[in-house]
Protein chains: 4
Amino acid sequence: MSHLTPPERGLISAMMSSPPMQSVYSDQALIDAMLRFEAALARAQADCGMVPPACADLIEAITQRIVIDRASLAVAAPAAGNLAIPLIKQLTLGVRAESAEAARFVHFGATSQDVIDSAAMLQAKNGLSLLAQDLAAINASLATIARDEAKTAMAGRTWLQHAVPVTLGLKAAGWLDALVTVHARLLATASGLPLQFGGAAGTLASLGEKGDEVTDALAGRLGLARPRLPWHGSRLPIVDIGAVLALVAGTLGKIARDVSLMMQNEVAELSEPHAPGKGGSSTMAHKRNPVGCALALTAAQRAPQLLASLYAGLVGEHERSLGSWQAEWSTLPELFLLASGSTHAMRSVLAGLEIDRVQMTRNLNLDDGLSMAEAATFALARRLDRDRAQDIVATAIARSRAGGQSLLHALRSDTEVVAAFDDDELVRLMEPSGYLGSSAAMIARVLARYQANPSSRSDDGVH
Amino acid sequence: MSHLTPPERGLISAMMSSPPMQSVYSDQALIDAMLRFEAALARAQADCGMVPPACADLIEAITQRIVIDRASLAVAAPAAGNLAIPLIKQLTLGVRAESAEAARFVHFGATSQDVIDSAAMLQAKNGLSLLAQDLAAINASLATIARDEAKTAMAGRTWLQHAVPVTLGLKAAGWLDALVTVHARLLATASGLPLQFGGAAGTLASLGEKGDEVTDALAGRLGLARPRLPWHGSRLPIVDIGAVLALVAGTLGKIARDVSLMMQNEVAELSEPHAPGKGGSSTMAHKRNPVGCALALTAAQRAPQLLASLYAGLVGEHERSLGSWQAEWSTLPELFLLASGSTHAMRSVLAGLEIDRVQMTRNLNLDDGLSMAEAATFALARRLDRDRAQDIVATAIARSRAGGQSLLHALRSDTEVVAAFDDDELVRLMEPSGYLGSSAAMIARVLARYQANPSSRSDDGVH
Amino acid sequence: MSHLTPPERGLISAMMSSPPMQSVYSDQALIDAMLRFEAALARAQADCGMVPPACADLIEAITQRIVIDRASLAVAAPAAGNLAIPLIKQLTLGVRAESAEAARFVHFGATSQDVIDSAAMLQAKNGLSLLAQDLAAINASLATIARDEAKTAMAGRTWLQHAVPVTLGLKAAGWLDALVTVHARLLATASGLPLQFGGAAGTLASLGEKGDEVTDALAGRLGLARPRLPWHGSRLPIVDIGAVLALVAGTLGKIARDVSLMMQNEVAELSEPHAPGKGGSSTMAHKRNPVGCALALTAAQRAPQLLASLYAGLVGEHERSLGSWQAEWSTLPELFLLASGSTHAMRSVLAGLEIDRVQMTRNLNLDDGLSMAEAATFALARRLDRDRAQDIVATAIARSRAGGQSLLHALRSDTEVVAAFDDDELVRLMEPSGYLGSSAAMIARVLARYQANPSSRSDDGVH
Amino acid sequence: MSHLTPPERGLISAMMSSPPMQSVYSDQALIDAMLRFEAALARAQADCGMVPPACADLIEAITQRIVIDRASLAVAAPAAGNLAIPLIKQLTLGVRAESAEAARFVHFGATSQDVIDSAAMLQAKNGLSLLAQDLAAINASLATIARDEAKTAMAGRTWLQHAVPVTLGLKAAGWLDALVTVHARLLATASGLPLQFGGAAGTLASLGEKGDEVTDALAGRLGLARPRLPWHGSRLPIVDIGAVLALVAGTLGKIARDVSLMMQNEVAELSEPHAPGKGGSSTMAHKRNPVGCALALTAAQRAPQLLASLYAGLVGEHERSLGSWQAEWSTLPELFLLASGSTHAMRSVLAGLEIDRVQMTRNLNLDDGLSMAEAATFALARRLDRDRAQDIVATAIARSRAGGQSLLHALRSDTEVVAAFDDDELVRLMEPSGYLGSSAAMIARVLARYQANPSSRSDDGVH
């Protein structure tokens, strides 16, 4: 490899993505995917009688052993406008060294975009498969939490303020339900990734009468879906991949947001699993930063904008766009890398999540029972007039706030309340565990769906 | 209506959206949708024995005849933090004026987000339905073009430069295929819009044991899907709607880009249908601006970013977010309005598209046949050596460029060519109509899929 | 006004923007600004001898009293492609009713974009002025907090975890310093808003030799800057306005993020000022939602994407773009409205911010003094070996975490520490107020800059 | 270097960025910048008497010769949460190998963000300097075109349709004027890049009384501006850099859009300079793709969204954010790389731009003089009634369109016209060169500003 190889720039990316995804999106993997397309093309054309089988054999053999000079690629690509042209030049030279005849059939009838887009699909297939594995593991962790903590009452929080009680299980069920949907979509996307094959402007004219037949054979050989027509200028398949990646990032980002908020020192209900050297500081010995959540939040912050770039690319010009297509080349890999950083990090965060149930109870009772104000109002309203109930509770809240006494205590000093409820009833009524509504049924529904089909397409119902 | 009503700001929006969509997203329609939720809630709770039927009757009756004071809403909403609280206050007053008992059951057990999100779904249902109608009409126009112009050869263009010939029918088939997919997704999204119902923090605790039963009844009454659990803090349903709107905008934007490029004076292959006063200028009497395409391009430029805002909202805090949820309130309507402007405009652009086939031929021949260079190379390669063929064509191109002679003429002066091909063959070989490859089959596949199911879910196949 | 007026859609916008900004961006204000341009144009052309003064007088008079039919505008604009053409038609009819001669000079030599862009600048000037007033008030509040709370120690928080102590004054100084910069830029932007005037394609050919002279006069009359050449196709001035609005939203969003985090029930250090009915819930009587911060966060969430739309518009085609320019028409007003909602809300949040210093101290001591770990390490390192100091502190932290004892207590049980420090020293060393470093000097620098020039351009220094 | 080094991923980036910018943002350059900070910190602390000069000497010496193990960094960084912690660990080990005493002063009192942010500023300084050189060269090319082609009439185009004539010089002047402003801002930004230095939470408590003094010395040594206070949680400096990069990309993208449109085969007015192998196709021998413009358009498509990510990061939490800061790490380098690809490409496109003046004239006359319709109207109106003039021209246009005759010819058949104008006048009147208005003055103003200060801050006037 020559000294002209572009300087390495992998450190930041390595921090924010999983090692296997870095391999899927390495230069070598990109080159390999392009070569795999060229080999399959020759073979498919041999299947259809367009290329002598021996030539196809040789082309395939060379693709498997050629060492591409990355530095030359890097130098030639800007003027060529893409990586395919110089790559095919190297490949053709390699083949020609052994057979001038075979060299004539390299990349036969294809256009650069055919190999570049198809290679992107092959890489995406690998990338989506990695993400699916992480998501399956995350969902398993979430299902466990949803089931085990179904009755663990904690403060529900709306507008970043205590509302009424929820349970940790319900929270996890909400996370899980969204992620099961996203997982199913990811698998559906992975299974429909389309071959790109259209020749110079999408007509396959270069193949004469054989265009359709070669397309079928090529799609089969590459394990890609067979499109009705080339999509050189119609970038829905790219947007679809990007959209599912952004959903992965956004859905995990929501979990990371919640976990990191519950990990604040004053809240202290959850914690990322601790490990030596994890989340430390160069000077503050006590630090345990939520570094896993940080990665998920980083991905979630960048993904919407990266996706927007892909959406903007829908408006490309004619049969192959100027600028939009090229903008995909770095955007889609970046999305994959960030998404992998997120799944990788959250997989370990959720597998080892530390739960402090005592602290959850303490926080729930923090404001002297104010988060049971709604429960009190509804209970009182069942025996008293509804308006009266609201007045009584409002007064009790005011008294509680002023005097630091609990809501229960404040209600006890209301004669109407005391007349209508005995003290046991009042105490029970202020018990968060008695005010969880349909939580259990909700969790059960989510778990049932998850268990029915934890890792395959199940994108039915509401999403 | 009081003089405090916020000043009107509809002119720009009116220009960029369809009149029916403006009605779907009018203040009145928003209020109506919220009132419809409240009526259905009371009825559903009556179904479940929680509310006396007479009270539900009265609540429903009042929702149908109450005149909400928009000005008061506008004044009260900022401090309340949402529109639901002051609206419910007005509704409750209205009900109470006739029955204090019924007033107790207004909005019973629900939270503001239940009514706001569910109303958004009801509006979205109407909005998607409008877009579906426009898309069906657009697809019909595109199918006609794809079929009728299947053999109309024109310049294929890649990187904004002539490539090899395509046909106008193939171009339209590409547009159509993407739009059929988008249409199918839009219908699938419309049919799965979920009810929002969770009470204060998503547990439905306020309904005691009746949460699930009321939810079923309420979803049924509103014609919305029944979610497994509330989605106050999990905004996938919102993102899904936004995503399909952005696909509508992007896919139509691509058509508008292509049409407007082909409408440039120097290209002059297509034209928006002309009408008096359409696309004129305040001073230039000759102007016929592509104002329909402009609307579609405007929507396509804004949609990716608006969608990114919704995606960013996935990362909301806990059971109801601070800022992200609120950001949806104006973003989603804006997307609907822009999408409607695009479908509305492109529906009429494509229904009356003016096609200049003579000019297409002229442009195809513009560079003295250079866009047949690939055809020549492949044809020569079939009889001569491939490398030799490339050399001959390259030389002929250079000669053609230097001397202004046609590629055909230049080839004729090559002795090897003349030896291998008789002149009729050479002339035929330079004929664009003979170099269209699998175009016809591609168009047929797209039309077959479209005709199989022109207006319902048919999101099979590749994407 | 006819019944065809587009349906009103102001409620959501009214919630998220200030009433005066709604007036600046009302339909009427837009029409008025366009009419003001037409009046000034006639007058400027009269100044230059191109238009008879009496005609200019009449045109100006009519612009001041004409009642534009919004409904007709709304109907005509989509086909015309912009609002200017039908508006000028109405104006011309109005003038012609009094003088056919004067009617000939309406909009003389100008293009639609001249009036639309210039009107946008006139509106922007008013909009920026409103924001500047709010920012000045906010900065005054922040300066007060920075000064008064310069010594109020509280937990510094990094990665959402306690770090070392800071002061509330330092936090406010950080907010203030950014906002003073933003304020200065806003004023600079407001003072340089350029006139748009170029005629059909930017040459002012329609004015013959008088183009430059009329431009000077027109800029003077409108109080707009005089550009070197028209910017029909060069949208820097629009991006510049959008950028400053996004900075307003982002900078206030940061304050809102911090305030709302400190307002969480478990943190409880700050609170938005409370008012009856503010931030309540339809069912939860105890709720005090940070509705002001929510507005600022909403604006901050949407602004980056809206700005991205404007940036994307830089790449418009030729002398007037197709789609990009039109996308500005709703984007820029939306940014102004959202920014005004943010400044309006945060102005009152910060003017009445409730500060709980006791709670700040409590939180600072929450983890038994762990946030003084760095202080301890540095202090120990000054007398012991640095590595030794780190070991001792790490051990003390571990002991503190395991046993619930304070860091001070844990240090006291280390013989080396006790040998090196007497107990008074140790106690003092754990005192947050003694570990505030250069906070006071930092605050002083920020206040000095602010006081030097609190409301005018002072964009010196670092950024 | 170990085999664990992250796999290389530089090929796509290499295609889209300039080689020198790839060096500025290489892993090695990042490490070097961080080491430079650590060296300067030790020296600054020695200046202030906090560190023994010999220790500072040694630290500096080690930073200059240490070979950092990238693979170990890559492995350690994810758990640490940033690159600084493992880097400083390696550095400290390196120093300790020679002096345990000196090792104690490595990174003394600083936090990870101090070194990371300051290193980012040092890299940005280099990056901005590279861009400034390219911009200076581009502006020189544009100034030449503006001057030389000041009278080269061509079709002005609005809404992608012919409007009235402009000149190529005016077009170039418009490009230049925007770019001169952007260049000036870039230089201003480069000159104000701030040091980051605040210690754990921004108070510099770790430095005791010396915080301010060390900050001064450190800023001086690094050649960075001295901020009033640390900006760990206030990301304006990052947004400012991103904003100027997005302006570079957008402004050049506009030029690339225009050039590529004028390079379409049917327009053929401009062409990127041709070179062997440049913009070719793998199969189409005649292809000359605008690969330079493609790069600029790619950058312009991605930059707004990347900038939006930075703007979103303004809303970070407290003294150091969770996710937002981390999102900058890859976003800002990506923007620099893309911007460099754009400046690099457009520098050579514009230096060698091929201009076809004959084709410009041909296009201007394409529609039989219709783009002189406005000129005709104004000229006729000067002798006839304005309304009459409009009618005559409208009729002439209709006749011209129907019959393929020129506008001049059509006007000649109007008796009123013939009565009022002799034929020479009519012919002259249809001459584009006579209808260029203030173009020359506009160009002169732009050139005067450029020449006054071609490469330094000159951000006066309107921008």
# chains A, B, ... in the order shown; residues from 1 in each chain; ligands from 1
>>> interface_residues(of="chain B", to="chain D", cutoff="10 Å", atoms="only C-alpha atoms", output="number ranges by chain")
B: 157-164, 260-268, 279, 281-291, 293-294, 304-305, 308, 312, 362-364, 366-367, 369-378, 390-391, 393-398, 401
>>> residues_around(residues="A:Leu384", least_positions_apart="5", cutoff="9 Å", atoms="only C-alpha atoms", output="ChimeraX atom specification")
/A:379,389,416-417,420
>>> write_last_selection(atoms="C-alpha atoms", output="PDB file, in the first residue's frame")
ATOM      1  CA  ALA A 379     -61.634   8.937  45.501  1.00  0.00           C
ATOM      2  CA  ALA A 389     -63.534  17.083  46.105  1.00  0.00           C
ATOM      3  CA  GLU A 416     -65.846  16.393  55.450  1.00  0.00           C
ATOM      4  CA  VAL A 417     -63.140  13.939  54.475  1.00  0.00           C
ATOM      5  CA  ALA A 420     -66.711  10.213  54.581  1.00  0.00           C
TER       6      ALA A 420
END
>>> residues_around(residues="D:Glu60", least_positions_apart="3", cutoff="6 Å", atoms="only C-alpha atoms", output="list of chain:residue names")
D:Ala39, D:Asp57, D:Thr63
>>> select_by_dssp(residues="stretch 199-413 of chain D", states="strand (DSSP E)", output="ChimeraX atom specification")
/D:270-271,354-355
>>> write_last_selection(atoms="C-alpha atoms", output="PDB file, in the first residue's frame")
ATOM      1  CA  LEU D 270     -20.096  26.934 -19.687  1.00  0.00           C
ATOM      2  CA  SER D 271     -18.017  23.891 -19.075  1.00  0.00           C
ATOM      3  CA  GLU D 354     -14.679  27.264 -20.392  1.00  0.00           C
ATOM      4  CA  ILE D 355     -17.002  29.934 -21.701  1.00  0.00           C
TER       5      ILE D 355
END
>>> residues_around(residues="stretch 197-214 of chain A", least_positions_apart="5", cutoff="6 Å", atoms="only C-alpha atoms", output="PDB file with all heavy atoms, in the first residue's frame")
ATOM      1  N   ALA A  44     -23.595 -14.286 -13.554  1.00  0.00           N
ATOM      2  CA  ALA A  44     -24.984 -14.201 -14.016  1.00  0.00           C
ATOM      3  C   ALA A  44     -25.017 -14.119 -15.539  1.00  0.00           C
ATOM      4  O   ALA A  44     -25.879 -14.719 -16.189  1.00  0.00           O
ATOM      5  CB  ALA A  44     -25.672 -12.973 -13.398  1.00  0.00           C
ATOM      6  N   GLN A  45     -24.099 -13.389 -16.085  1.00  0.00           N
ATOM      7  CA  GLN A  45     -24.053 -13.281 -17.550  1.00  0.00           C
ATOM      8  C   GLN A  45     -23.622 -14.606 -18.169  1.00  0.00           C
ATOM      9  O   GLN A  45     -24.055 -14.948 -19.275  1.00  0.00           O
ATOM     10  CB  GLN A  45     -23.138 -12.122 -17.964  1.00  0.00           C
ATOM     11  CG  GLN A  45     -23.795 -10.775 -17.597  1.00  0.00           C
ATOM     12  CD  GLN A  45     -22.912  -9.568 -17.830  1.00  0.00           C
ATOM     13  OE1 GLN A  45     -21.689  -9.664 -17.689  1.00  0.00           O
ATOM     14  NE2 GLN A  45     -23.516  -8.443 -18.164  1.00  0.00           N
ATOM     15  N   GLY A 109     -21.551  -4.172 -19.506  1.00  0.00           N
ATOM     16  CA  GLY A 109     -22.897  -3.617 -19.631  1.00  0.00           C
ATOM     17  C   GLY A 109     -23.402  -2.893 -18.400  1.00  0.00           C
ATOM     18  O   GLY A 109     -24.496  -2.327 -18.415  1.00  0.00           O
ATOM     19  N   ALA A 110     -22.626  -2.893 -17.363  1.00  0.00           N
ATOM     20  CA  ALA A 110     -23.071  -2.225 -16.138  1.00  0.00           C
ATOM     21  C   ALA A 110     -22.563  -0.798 -16.092  1.00  0.00           C
ATOM     22  O   ALA A 110     -21.647  -0.421 -16.826  1.00  0.00           O
ATOM     23  CB  ALA A 110     -22.578  -2.990 -14.917  1.00  0.00           C
ATOM     24  N   THR A 111     -23.162  -0.005 -15.234  1.00  0.00           N
ATOM     25  CA  THR A 111     -22.690   1.359 -15.010  1.00  0.00           C
ATOM     26  C   THR A 111     -22.116   1.447 -13.602  1.00  0.00           C
ATOM     27  O   THR A 111     -22.382   0.587 -12.762  1.00  0.00           O
ATOM     28  CB  THR A 111     -23.828   2.371 -15.223  1.00  0.00           C
ATOM     29  OG1 THR A 111     -23.279   3.681 -15.300  1.00  0.00           O
ATOM     30  CG2 THR A 111     -24.824   2.325 -14.077  1.00  0.00           C
ATOM     31  N   ASP A 114     -24.459   0.969 -10.776  1.00  0.00           N
ATOM     32  CA  ASP A 114     -24.921  -0.390 -10.501  1.00  0.00           C
ATOM     33  C   ASP A 114     -24.070  -1.050  -9.423  1.00  0.00           C
ATOM     34  O   ASP A 114     -24.598  -1.634  -8.474  1.00  0.00           O
ATOM     35  CB  ASP A 114     -24.869  -1.231 -11.795  1.00  0.00           C
ATOM     36  CG  ASP A 114     -25.892  -0.771 -12.817  1.00  0.00           C
ATOM     37  OD1 ASP A 114     -26.919  -0.174 -12.423  1.00  0.00           O
ATOM     38  OD2 ASP A 114     -25.673  -1.016 -14.022  1.00  0.00           O
ATOM     39  N   PRO A 230     -34.715  -0.177 -12.470  1.00  0.00           N
ATOM     40  CA  PRO A 230     -33.592   0.401 -11.732  1.00  0.00           C
ATOM     41  C   PRO A 230     -34.031   1.646 -10.949  1.00  0.00           C
ATOM     42  O   PRO A 230     -34.999   2.307 -11.325  1.00  0.00           O
ATOM     43  CB  PRO A 230     -32.591   0.762 -12.829  1.00  0.00           C
ATOM     44  CG  PRO A 230     -32.967  -0.067 -13.997  1.00  0.00           C
ATOM     45  CD  PRO A 230     -34.450  -0.217 -13.923  1.00  0.00           C
ATOM     46  N   GLU A 319     -31.976  10.756 -14.517  1.00  0.00           N
ATOM     47  CA  GLU A 319     -31.645   9.335 -14.361  1.00  0.00           C
ATOM     48  C   GLU A 319     -30.506   9.091 -13.365  1.00  0.00           C
ATOM     49  O   GLU A 319     -30.267   7.953 -12.947  1.00  0.00           O
ATOM     50  CB  GLU A 319     -31.306   8.730 -15.728  1.00  0.00           C
ATOM     51  CG  GLU A 319     -32.528   8.373 -16.558  1.00  0.00           C
ATOM     52  CD  GLU A 319     -33.370   9.575 -16.948  1.00  0.00           C
ATOM     53  OE1 GLU A 319     -32.877  10.461 -17.676  1.00  0.00           O
ATOM     54  OE2 GLU A 319     -34.545   9.637 -16.508  1.00  0.00           O
TER      55      GLU A 319
ATOM     56  N   GLY B 156     -31.582  10.235 -22.113  1.00  0.00           N
ATOM     57  CA  GLY B 156     -31.383   9.939 -20.699  1.00  0.00           C
ATOM     58  C   GLY B 156     -30.306  10.862 -20.182  1.00  0.00           C
ATOM     59  O   GLY B 156     -29.383  11.224 -20.936  1.00  0.00           O
ATOM     60  N   VAL B 164     -27.384   7.811 -22.323  1.00  0.00           N
ATOM     61  CA  VAL B 164     -27.901   7.056 -23.467  1.00  0.00           C
ATOM     62  C   VAL B 164     -29.404   7.309 -23.524  1.00  0.00           C
ATOM     63  O   VAL B 164     -29.982   7.847 -22.581  1.00  0.00           O
ATOM     64  CB  VAL B 164     -27.595   5.549 -23.320  1.00  0.00           C
ATOM     65  CG1 VAL B 164     -26.092   5.316 -23.222  1.00  0.00           C
ATOM     66  CG2 VAL B 164     -28.314   4.963 -22.105  1.00  0.00           C
ATOM     67  N   TYR B 435     -32.044   1.236 -29.250  1.00  0.00           N
ATOM     68  CA  TYR B 435     -31.135   1.059 -28.117  1.00  0.00           C
ATOM     69  C   TYR B 435     -31.868   1.374 -26.812  1.00  0.00           C
ATOM     70  O   TYR B 435     -31.445   2.200 -26.033  1.00  0.00           O
ATOM     71  CB  TYR B 435     -29.902   1.949 -28.296  1.00  0.00           C
ATOM     72  CG  TYR B 435     -28.733   1.530 -27.428  1.00  0.00           C
ATOM     73  CD1 TYR B 435     -28.106   0.289 -27.621  1.00  0.00           C
ATOM     74  CD2 TYR B 435     -28.273   2.341 -26.404  1.00  0.00           C
ATOM     75  CE1 TYR B 435     -27.037  -0.101 -26.817  1.00  0.00           C
ATOM     76  CE2 TYR B 435     -27.213   1.960 -25.596  1.00  0.00           C
ATOM     77  CZ  TYR B 435     -26.599   0.727 -25.808  1.00  0.00           C
ATOM     78  OH  TYR B 435     -25.550   0.341 -25.017  1.00  0.00           O
ATOM     79  N   LEU B 436     -32.988   0.721 -26.629  1.00  0.00           N
ATOM     80  CA  LEU B 436     -33.814   0.993 -25.448  1.00  0.00           C
ATOM     81  C   LEU B 436     -33.876  -0.181 -24.493  1.00  0.00           C
ATOM     82  O   LEU B 436     -34.576  -0.144 -23.472  1.00  0.00           O
ATOM     83  CB  LEU B 436     -35.225   1.410 -25.883  1.00  0.00           C
ATOM     84  CG  LEU B 436     -35.247   2.736 -26.654  1.00  0.00           C
ATOM     85  CD1 LEU B 436     -36.628   2.982 -27.251  1.00  0.00           C
ATOM     86  CD2 LEU B 436     -34.827   3.892 -25.754  1.00  0.00           C
ATOM     87  N   GLY B 437     -33.154  -1.244 -24.806  1.00  0.00           N
ATOM     88  CA  GLY B 437     -32.991  -2.355 -23.883  1.00  0.00           C
ATOM     89  C   GLY B 437     -34.291  -2.905 -23.344  1.00  0.00           C
ATOM     90  O   GLY B 437     -35.227  -3.202 -24.094  1.00  0.00           O
ATOM     91  N   SER B 438     -34.369  -3.021 -22.029  1.00  0.00           N
ATOM     92  CA  SER B 438     -35.520  -3.636 -21.376  1.00  0.00           C
ATOM     93  C   SER B 438     -36.589  -2.629 -20.992  1.00  0.00           C
ATOM     94  O   SER B 438     -37.472  -2.947 -20.181  1.00  0.00           O
ATOM     95  CB  SER B 438     -35.050  -4.366 -20.113  1.00  0.00           C
ATOM     96  OG  SER B 438     -33.995  -5.251 -20.406  1.00  0.00           O
ATOM     97  N   SER B 439     -36.528  -1.432 -21.552  1.00  0.00           N
ATOM     98  CA  SER B 439     -37.475  -0.382 -21.144  1.00  0.00           C
ATOM     99  C   SER B 439     -38.912  -0.873 -21.158  1.00  0.00           C
ATOM    100  O   SER B 439     -39.677  -0.654 -20.213  1.00  0.00           O
ATOM    101  CB  SER B 439     -37.373   0.825 -22.076  1.00  0.00           C
ATOM    102  OG  SER B 439     -36.088   1.326 -22.109  1.00  0.00           O
TER     103      SER B 439
END
>>> select_by_dssp(residues="stretch 84-121 of chain A", states="helix (DSSP H, G or I)", output="list in words")
Ala84, Ile85, Pro86, Leu87, Ile88, Lys89, Gln90, Leu91, Thr92, Leu93, Gly94, Val95, Arg96, Ala100, Glu101, Ala102, Ala103, Ser112, Gln113, Asp114, Val115, Ile116, Asp117, Ser118, Ala119, Ala120 and Met121 of chain A
>>> closest_residue(among="B:Leu245, B:Leu122, B:Leu322, B:Ala100", to="B:Arg36", atoms="only C-alpha atoms")
B:Leu122
>>> residues_around(residues="D:Leu170", least_positions_apart="4", cutoff="10 Å", atoms="only C-alpha atoms", output="ChimeraX atom specification")
/C:202-203,229 /D:145-147,149-153,166,174-176,436,438-444,446
>>> write_last_selection(atoms="N, CA and C atoms", output="tab-separated table (two decimals), in the first residue's frame")
chain	number	residue	atom	x	y	z
C	202	GLY	N	-32.48	41.45	-12.21
C	202	GLY	CA	-31.42	42.00	-11.38
C	202	GLY	C	-30.56	43.06	-12.02
C	203	THR	N	-30.91	43.48	-13.24
C	203	THR	CA	-30.08	44.50	-13.91
C	203	THR	C	-30.66	45.91	-13.79
C	229	LEU	N	-25.45	45.04	-5.12
C	229	LEU	CA	-26.24	44.56	-6.27
C	229	LEU	C	-27.40	43.76	-5.72
D	145	ILE	N	-13.56	36.97	-14.14
D	145	ILE	CA	-14.75	36.75	-14.98
D	145	ILE	C	-15.67	37.97	-14.90
D	146	ALA	N	-15.87	38.47	-13.68
D	146	ALA	CA	-16.77	39.62	-13.53
D	146	ALA	C	-16.29	40.78	-14.39
D	147	ARG	N	-14.98	40.98	-14.42
D	147	ARG	CA	-14.43	42.12	-15.18
D	147	ARG	C	-14.43	41.83	-16.67
D	149	GLU	N	-16.06	39.63	-18.48
D	149	GLU	CA	-17.33	39.29	-19.13
D	149	GLU	C	-18.43	40.27	-18.74
D	150	ALA	N	-18.02	41.45	-18.36
D	150	ALA	CA	-19.00	42.42	-17.89
D	150	ALA	C	-20.04	42.74	-18.96
D	151	LYS	N	-19.65	42.60	-20.21
D	151	LYS	CA	-20.58	42.94	-21.29
D	151	LYS	C	-21.05	41.72	-22.07
D	152	THR	N	-20.69	40.53	-21.60
D	152	THR	CA	-21.12	39.32	-22.29
D	152	THR	C	-22.57	39.02	-21.96
D	153	ALA	N	-23.45	39.43	-22.87
D	153	ALA	CA	-24.88	39.25	-22.60
D	153	ALA	C	-25.26	37.78	-22.66
D	166	VAL	N	-28.97	39.28	-18.88
D	166	VAL	CA	-27.98	39.72	-17.89
D	166	VAL	C	-26.63	39.59	-18.58
D	174	GLY	N	-22.22	38.61	-8.72
D	174	GLY	CA	-23.12	38.17	-7.66
D	174	GLY	C	-22.50	37.05	-6.84
D	175	TRP	N	-21.89	36.09	-7.55
D	175	TRP	CA	-21.20	35.01	-6.83
D	175	TRP	C	-20.08	35.58	-5.96
D	176	LEU	N	-19.30	36.48	-6.58
D	176	LEU	CA	-18.14	37.03	-5.90
D	176	LEU	C	-18.53	37.81	-4.66
D	436	LEU	N	-29.19	46.32	-20.51
D	436	LEU	CA	-28.46	45.74	-19.39
D	436	LEU	C	-28.46	46.63	-18.15
D	438	SER	N	-28.17	48.71	-15.02
D	438	SER	CA	-27.07	49.14	-14.16
D	438	SER	C	-26.02	48.06	-13.98
D	439	SER	N	-26.04	47.04	-14.83
D	439	SER	CA	-25.10	45.92	-14.65
D	439	SER	C	-23.67	46.39	-14.44
D	440	ALA	N	-23.24	47.30	-15.31
D	440	ALA	CA	-21.84	47.71	-15.24
D	440	ALA	C	-21.52	48.36	-13.90
D	441	ALA	N	-22.41	49.20	-13.43
D	441	ALA	CA	-22.18	49.86	-12.14
D	441	ALA	C	-22.17	48.86	-11.01
D	442	MET	N	-23.06	47.89	-11.09
D	442	MET	CA	-23.11	46.86	-10.05
D	442	MET	C	-21.80	46.08	-9.99
D	443	ILE	N	-21.35	45.67	-11.17
D	443	ILE	CA	-20.08	44.93	-11.23
D	443	ILE	C	-18.95	45.78	-10.67
D	444	ALA	N	-18.96	47.03	-11.03
D	444	ALA	CA	-17.88	47.91	-10.58
D	444	ALA	C	-17.86	48.02	-9.06
D	446	VAL	N	-18.92	45.82	-6.90
D	446	VAL	CA	-18.47	44.56	-6.32
D	446	VAL	C	-16.95	44.42	-6.45
>>> residues_around(residues="B:Ala102", least_positions_apart="2", cutoff="10 Å", atoms="only C-alpha atoms", output="NGL selection string")
:B and (42 or 51-59 or 92 or 95-100 or 104-106)
